[in-house]
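Content type mmCIF, C-alpha atoms, from the file coords-v8.cif:
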```cif
data_entry
loop_
_atom_site.label_atom_id
_atom_site.label_comp_id
_atom_site.auth_asym_id
_atom_site.auth_seq_id
_atom_site.Cartn_x
_atom_site.Cartn_y
_atom_site.Cartn_z
CA MET A 21 -88.57 -50.85 -27.00
CA LYS A 22 -87.88 -47.23 -27.87
CA ILE A 23 -84.78 -46.32 -29.84
CA TYR A 24 -84.30 -43.07 -27.97
CA THR A 25 -83.83 -42.82 -24.20
CA ARG A 26 -82.94 -39.12 -23.85
CA GLY A 27 -80.19 -40.28 -21.47
CA GLY A 28 -77.45 -38.74 -23.60
CA ASP A 29 -79.13 -35.39 -24.21
CA GLY A 30 -76.81 -33.71 -21.70
CA GLY A 31 -73.69 -34.89 -23.50
CA GLU A 32 -73.01 -37.96 -21.35
CA THR A 33 -73.23 -41.70 -21.89
CA VAL A 34 -72.91 -44.80 -19.72
CA LEU A 35 -70.01 -47.22 -20.10
CA ILE A 36 -70.43 -50.97 -19.59
CA GLY A 37 -70.18 -51.16 -15.82
CA GLY A 38 -72.48 -48.22 -15.10
CA VAL A 39 -70.06 -45.27 -15.04
CA ARG A 40 -71.34 -42.07 -16.68
CA VAL A 41 -68.81 -40.17 -18.77
CA ARG A 42 -68.89 -37.29 -21.22
CA LYS A 43 -69.32 -38.25 -24.84
CA ASP A 44 -65.91 -36.77 -25.59
CA ASP A 45 -64.21 -39.09 -23.07
CA PRO A 46 -61.21 -40.73 -24.80
CA ARG A 47 -62.77 -44.19 -24.40
CA VAL A 48 -65.99 -43.06 -26.06
CA VAL A 49 -64.03 -41.38 -28.85
CA ALA A 50 -62.00 -44.57 -29.39
CA TYR A 51 -64.93 -46.97 -29.50
CA GLY A 52 -66.82 -44.48 -31.65
CA ALA A 53 -63.98 -44.63 -34.18
CA VAL A 54 -64.11 -48.45 -34.08
CA ASP A 55 -67.86 -48.25 -34.76
CA GLU A 56 -67.16 -45.91 -37.69
CA LEU A 57 -64.54 -48.36 -38.93
CA ASN A 58 -67.08 -51.18 -38.80
CA ALA A 59 -69.62 -49.11 -40.74
CA ALA A 60 -67.03 -48.12 -43.35
CA PHE A 61 -66.07 -51.76 -43.82
CA GLY A 62 -69.75 -52.68 -44.10
CA ALA A 63 -70.09 -50.08 -46.86
CA ALA A 64 -67.09 -51.60 -48.67
CA ARG A 65 -68.69 -55.04 -48.43
CA ALA A 66 -71.95 -53.68 -49.85
CA LEU A 67 -70.13 -52.01 -52.74
CA ASP A 68 -68.21 -55.20 -53.36
CA ALA A 69 -71.40 -57.28 -53.40
CA ALA A 70 -72.95 -54.86 -55.90
CA GLY A 71 -69.86 -55.16 -58.09
CA GLY A 72 -69.58 -58.93 -58.19
CA GLY A 73 -68.75 -59.99 -54.64
CA ARG A 74 -65.01 -60.70 -54.56
CA ILE A 75 -64.48 -60.21 -50.79
CA ASP A 76 -64.73 -63.42 -48.74
CA GLY A 77 -68.03 -63.11 -46.87
CA ASP A 78 -67.16 -65.30 -43.88
CA ARG A 79 -63.81 -63.62 -43.28
CA ALA A 80 -65.32 -60.16 -43.67
CA ALA A 81 -68.18 -61.00 -41.29
CA ALA A 82 -65.64 -62.26 -38.74
CA ILE A 83 -63.81 -58.91 -38.94
CA GLN A 84 -67.03 -57.03 -38.29
CA ALA A 85 -67.72 -59.27 -35.27
CA ASP A 86 -64.15 -58.64 -34.07
CA LEU A 87 -64.72 -54.90 -34.26
CA PHE A 88 -67.85 -55.19 -32.12
CA THR A 89 -65.84 -57.18 -29.58
CA ILE A 90 -63.10 -54.53 -29.55
CA GLY A 91 -65.71 -51.78 -29.18
CA ALA A 92 -67.25 -53.59 -26.21
CA ARG A 93 -63.81 -53.96 -24.66
CA LEU A 94 -63.14 -50.24 -25.05
CA ALA A 95 -66.59 -49.36 -23.67
CA SER A 96 -66.07 -51.38 -20.48
CA VAL A 97 -65.09 -49.74 -17.21
CA ASP A 98 -63.47 -53.01 -16.09
CA PRO A 99 -63.02 -55.30 -19.12
CA GLY A 100 -61.67 -58.19 -17.03
CA ARG A 101 -64.72 -58.18 -14.80
CA ALA A 102 -67.08 -57.77 -17.77
CA LEU A 103 -65.39 -60.73 -19.45
CA ASP A 104 -65.65 -62.87 -16.32
CA ARG A 105 -69.36 -62.03 -15.99
CA GLY A 106 -70.02 -62.78 -19.66
CA THR A 107 -71.05 -59.19 -20.37
CA ILE A 108 -68.51 -58.93 -23.19
CA PRO A 109 -66.93 -61.70 -25.26
CA GLY A 110 -63.26 -62.61 -25.15
CA PHE A 111 -60.95 -61.79 -28.02
CA ASP A 112 -58.97 -64.63 -29.54
CA PRO A 113 -55.36 -63.57 -30.23
CA ASP A 114 -55.27 -66.11 -33.08
CA ARG A 115 -57.41 -63.67 -35.06
CA ILE A 116 -54.22 -61.72 -35.82
CA ALA A 117 -52.72 -64.79 -37.52
CA ASP A 118 -55.97 -65.20 -39.49
CA LEU A 119 -55.59 -61.67 -40.85
CA GLU A 120 -51.95 -62.34 -41.72
CA ALA A 121 -52.89 -65.52 -43.60
CA TRP A 122 -55.48 -63.62 -45.64
CA ILE A 123 -52.96 -60.85 -46.38
CA ASP A 124 -50.33 -63.38 -47.49
CA ALA A 125 -52.80 -65.14 -49.80
CA MET A 126 -53.72 -61.86 -51.52
CA VAL A 127 -50.13 -60.61 -51.76
CA ALA A 128 -49.24 -63.81 -53.64
CA GLU A 129 -51.67 -62.70 -56.37
CA LEU A 130 -50.67 -59.03 -56.50
CA PRO A 131 -47.90 -57.38 -58.50
CA GLU A 132 -44.92 -56.34 -56.40
CA LEU A 133 -45.27 -52.87 -54.98
CA ASP A 134 -42.42 -50.36 -55.34
CA ALA A 135 -44.26 -47.06 -54.94
CA PHE A 136 -47.00 -45.44 -52.86
CA VAL A 137 -50.54 -46.36 -53.93
CA LEU A 138 -53.01 -43.57 -54.57
CA PRO A 139 -56.41 -44.40 -53.06
CA GLY A 140 -59.11 -45.07 -55.61
CA GLY A 141 -59.95 -47.66 -58.23
CA SER A 142 -63.22 -49.56 -58.19
CA PRO A 143 -66.03 -48.36 -55.88
CA ALA A 144 -65.29 -51.18 -53.41
CA GLY A 145 -61.53 -50.66 -53.66
CA ALA A 146 -61.87 -46.92 -53.05
CA GLN A 147 -64.11 -47.54 -50.04
CA LEU A 148 -61.57 -50.02 -48.67
CA HIS A 149 -58.93 -47.28 -48.85
CA VAL A 150 -61.28 -44.96 -46.93
CA THR A 151 -61.83 -47.77 -44.42
CA ARG A 152 -58.06 -48.17 -44.02
CA THR A 153 -57.70 -44.50 -43.08
CA VAL A 154 -60.53 -44.82 -40.53
CA CYS A 155 -58.74 -47.88 -39.16
CA ARG A 156 -55.50 -45.92 -38.71
CA ARG A 157 -57.39 -43.15 -36.89
CA ALA A 158 -59.06 -45.70 -34.61
CA GLU A 159 -55.63 -47.19 -33.92
CA ARG A 160 -54.23 -43.79 -32.90
CA LEU A 161 -57.16 -43.20 -30.56
CA ILE A 162 -56.74 -46.63 -28.97
CA VAL A 163 -53.01 -46.02 -28.52
CA ALA A 164 -53.92 -42.83 -26.62
CA LEU A 165 -55.61 -45.06 -24.00
CA LEU A 166 -52.46 -47.08 -23.26
CA GLY A 167 -51.53 -45.02 -20.19
CA ASP A 168 -54.68 -46.16 -18.40
CA GLN A 169 -55.16 -49.49 -20.20
CA PRO A 170 -51.73 -51.00 -21.01
CA ASP A 171 -53.31 -54.39 -21.73
CA LEU A 172 -54.61 -52.97 -25.03
CA ALA A 173 -51.06 -53.49 -26.36
CA GLU A 174 -51.41 -57.27 -25.97
CA VAL A 175 -53.99 -58.01 -28.66
CA VAL A 176 -56.21 -55.04 -29.52
CA ILE A 177 -53.55 -52.71 -30.94
CA PRO A 178 -51.72 -55.45 -32.89
CA TYR A 179 -55.07 -56.59 -34.32
CA VAL A 180 -56.10 -53.10 -35.44
CA ASN A 181 -52.61 -52.48 -36.86
CA ARG A 182 -52.78 -55.70 -38.85
CA LEU A 183 -56.33 -54.92 -39.95
CA SER A 184 -55.14 -51.70 -41.59
CA ASP A 185 -52.56 -53.77 -43.50
CA LEU A 186 -55.31 -56.15 -44.56
CA LEU A 187 -57.55 -53.31 -45.72
CA PHE A 188 -54.75 -51.83 -47.83
CA THR A 189 -54.04 -55.22 -49.39
CA LEU A 190 -57.73 -55.97 -49.84
CA ALA A 191 -58.20 -52.65 -51.66
CA ARG A 192 -55.38 -53.50 -54.07
CA TRP A 193 -56.64 -57.05 -54.53
CA THR A 194 -60.24 -55.93 -55.09
CA ASN A 195 -59.12 -53.40 -57.67
CA LEU A 196 -56.97 -55.97 -59.46
CA ALA A 197 -59.88 -58.42 -59.53
CA ALA A 198 -61.97 -55.64 -61.09
CA GLY A 199 -59.32 -55.14 -63.78
CA ILE A 200 -57.96 -51.92 -62.29
CA GLY A 201 -54.27 -51.75 -61.48
CA ASP A 202 -52.61 -49.60 -58.84
CA HIS A 203 -52.22 -45.91 -59.52
CA THR A 204 -48.98 -44.91 -57.83
CA TRP A 205 -47.21 -41.83 -56.55
CA LEU A 206 -43.47 -41.48 -56.79
CA PRO A 207 -41.26 -39.11 -54.79
CA GLN A 208 -39.77 -36.30 -56.89
CA ARG A 209 -36.28 -37.88 -56.91
CA ARG A 210 -37.71 -41.04 -58.48
CA ARG A 211 -39.74 -39.06 -61.01
CA ALA A 212 -36.58 -37.29 -62.08
CA GLY A 213 -34.74 -40.58 -62.43
CA ASP A 214 -32.40 -39.95 -59.49
CA GLY A 215 -32.98 -43.18 -57.72
#
```
Would you encode the structure as structure tokens?
Amino acid sequence: MKIYTRGGDGGETVLIGGVRVRKDDPRVVAYGAVDELNAAFGAARALDAAGGGRIDGDRAAAIQADLFTIGARLASVDPGRALDRGTIPGFDPDRIADLEAWIDAMVAELPELDAFVLPGGSPAGAQLHVTRTVCRRAERLIVALLGDQPDLAEVVIPYVNRLSDLLFTLARWTNLAAGIGDHTWLPQRRRAGDG
């Protein structure tokens, strides 16, 4: 099988369901951001593995699978029909609770936060902060689809929102495990001792 098809050389692509759209179609832009998010998280996992492997492999792999499922959902002309036909997998809403449980477990080990965290730290921690910002961008692009696809508000948007919280917490936790504390930013009034 060839990797290239030349089908997109004119600036169009085909959604699941056979509809051709421009590559700057909001759905394509949204699932492209989810793909970028998945790649950024994969890079964080690779950096973590090179630095001692503190990130839970099974949980992280499940997130990457979730992101593929979300991407397939966004790439479908008619997600309900694609789901019924088995073209795309379903998305379990319990995955949001799984993310929350992981966040809560890490927060229990972290120092209390009373300031903004500056992105950085260990290589894996810094990449997790980058991944968090990609996640927030993907979330904004998915929200832009709500007018045509209001069902995204049921599970997809809450999941991506919670994932960004997890990535922030995971960056802090990974840095702490590497012996690097949070570097924080304080508003001017707090720097001056006014509050």
- [ ] Counting all atoms listed in the file, figure out which residue out of A:Ala85, A:Ala191, A:Met126, A:Ala53 gets nearest to His149 in chain A.
- [x] A:Ala191
Task: Distance of CA of Thr151 in chain A from CA of Thr89 in chain A, expressed in Å to one decimal place - done: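 So the two atoms, CA of Thr89 in chain A and CA of Thr151 in chain A, lie 18.0 Å apart.
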Would you kindly translate the PyMOL selection byres ((chain A and resi 158) around 9) into the concrete residues it picks from this file, as a compact mmCIF listing (two decimals) with C-alpha atoms, in the coordinates of the input?
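Output file expr32.txt is given in full below:
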```
# COMPACT_ATOMS: atom_id res chain seq x y z
CA VAL A 49 -64.03 -41.38 -28.85
CA ALA A 50 -62.00 -44.57 -29.39
CA TYR A 51 -64.93 -46.97 -29.50
CA GLY A 52 -66.82 -44.48 -31.65
CA ALA A 53 -63.98 -44.63 -34.18
CA VAL A 54 -64.11 -48.45 -34.08
CA GLU A 56 -67.16 -45.91 -37.69
CA LEU A 57 -64.54 -48.36 -38.93
CA THR A 153 -57.70 -44.50 -43.08
CA VAL A 154 -60.53 -44.82 -40.53
CA CYS A 155 -58.74 -47.88 -39.16
CA ARG A 156 -55.50 -45.92 -38.71
CA ARG A 157 -57.39 -43.15 -36.89
CA GLU A 159 -55.63 -47.19 -33.92
CA ARG A 160 -54.23 -43.79 -32.90
CA LEU A 161 -57.16 -43.20 -30.56
CA ILE A 162 -56.74 -46.63 -28.97
CA VAL A 163 -53.01 -46.02 -28.52
CA VAL A 180 -56.10 -53.10 -35.44
```
Open item on the list: If we count all atoms listed in the file and set the cut-off at 10 Å, which residues sit around Asp68 in chain A, ignoring sequence neighbours fewer than 3 positions away in its own chain? Please answer as a ChimeraX atom specification.
Closed with: /A:62-65,71-75,142-145,147-148,194,198
Given the selection you just returned, output its residues as a file containing C-alpha atoms, formatted as an mmCIF file, keeping the file's coordinate frame.
```cif
data_model
loop_
_atom_site.group_PDB
_atom_site.id
_atom_site.type_symbol
_atom_site.label_atom_id
_atom_site.label_comp_id
_atom_site.auth_asym_id
_atom_site.auth_seq_id
_atom_site.Cartn_x
_atom_site.Cartn_y
_atom_site.Cartn_z
ATOM 1 C CA GLY A 62 -69.750 -52.680 -44.100
ATOM 2 C CA ALA A 63 -70.090 -50.080 -46.860
ATOM 3 C CA ALA A 64 -67.090 -51.600 -48.670
ATOM 4 C CA ARG A 65 -68.690 -55.040 -48.430
ATOM 5 C CA GLY A 71 -69.860 -55.160 -58.090
ATOM 6 C CA GLY A 72 -69.580 -58.930 -58.190
ATOM 7 C CA GLY A 73 -68.750 -59.990 -54.640
ATOM 8 C CA ARG A 74 -65.010 -60.700 -54.560
ATOM 9 C CA ILE A 75 -64.480 -60.210 -50.790
ATOM 10 C CA SER A 142 -63.220 -49.560 -58.190
ATOM 11 C CA PRO A 143 -66.030 -48.360 -55.880
ATOM 12 C CA ALA A 144 -65.290 -51.180 -53.410
ATOM 13 C CA GLY A 145 -61.530 -50.660 -53.660
ATOM 14 C CA GLN A 147 -64.110 -47.540 -50.040
ATOM 15 C CA LEU A 148 -61.570 -50.020 -48.670
ATOM 16 C CA THR A 194 -60.240 -55.930 -55.090
ATOM 17 C CA ALA A 198 -61.970 -55.640 -61.090
#
```
Task: CA of Gly201 in chain A to CA of Ile116 in chain A, straight-line distance in Å - done: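 Atom-to-atom, CA of Ile116 in chain A to CA of Gly201 in chain A, that is 27.5 Å.
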Task: Long-range neighbours of Phe88 in chain A as JSON, numbers by chain, 10 Å cut-off, only C-alpha atoms, 6 positions minimum in chain - done: {"A": [51, 54, 55, 58, 82, 94, 108, 109]}
TODO: Can you pull out every residue within 12 Å of Gly28 in chain A, counting all atoms listed in the file, but drop anything in the same chain fewer than 4 positions away, and send it as an MDAnalysis selection string?
DONE: chainID A and resid 24 32:35 40:44
Task: CA of Thr204 in chain A to CA of Phe136 in chain A, straight-line distance in Å - done: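 CA of Thr204 in chain A lies at a distance of 5.4 Å from CA of Phe136 in chain A.
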Open item on the list: I'd like the contact shell of Ala117 in chain A - 12 Å cut-off, all atoms listed in the file, skipping same-chain residues fewer than 5 positions apart - returned as a PyMOL selection string.
Closed with: chain A and resi 112+122-124+175+178-179+182-183+186
Open item on the list: Taking only C-alpha atoms into account, name the residue in A:Glu174, A:Glu129, A:Asp118, A:Asp98 that is nearest to Ile83 in chain A.
Closed with: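 Closest to Ile83 in chain A of all the choices is A:Asp118.
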Task: Distance criterion (all atoms listed in the file): nearest to Asp86 in chain A out of A:Ala146, A:Ala135, A:Leu119, A:Ala66 - done: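 Ranked by minimum distance to Asp86 in chain A, first place goes to A:Leu119.
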TODO: Determine the residue membership of the PyMOL selection byres ((chain A and resi 110) around 10) for the file above and supply it as a list in words.
DONE: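 When the PyMOL selection byres ((chain A and resi 110) around 10) is applied, the selected residues are Asp86, Thr89, Ile90, Ala92, Arg93, Pro99, Gly100, Ala102, Leu103, Asp104, Gly106, Thr107, Ile108, Pro109, Phe111, Asp112 and Pro113 of chain A.
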Open item on the list: So, with only C-alpha atoms as the atoms that count, which of A:Gly31, A:Lys22, A:Arg47, A:Trp193 lies closest to Val127 in chain A?
Closed with: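 Checking each candidate against Val127 in chain A, we get A:Trp193 as the closest.
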Task: Residue nearest Ala60 in chain A - candidates A:Leu187, A:Ile177, A:Leu165, A:Ala121, atoms counted: all atoms listed in the file - done: A:Leu187
Task: Option closest in space to Leu206 in chain A, from A:Leu133, A:Asn181, A:Ala164, A:Val150 [counting only C-alpha atoms] - done: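 Nearest to Leu206 in chain A: A:Leu133.
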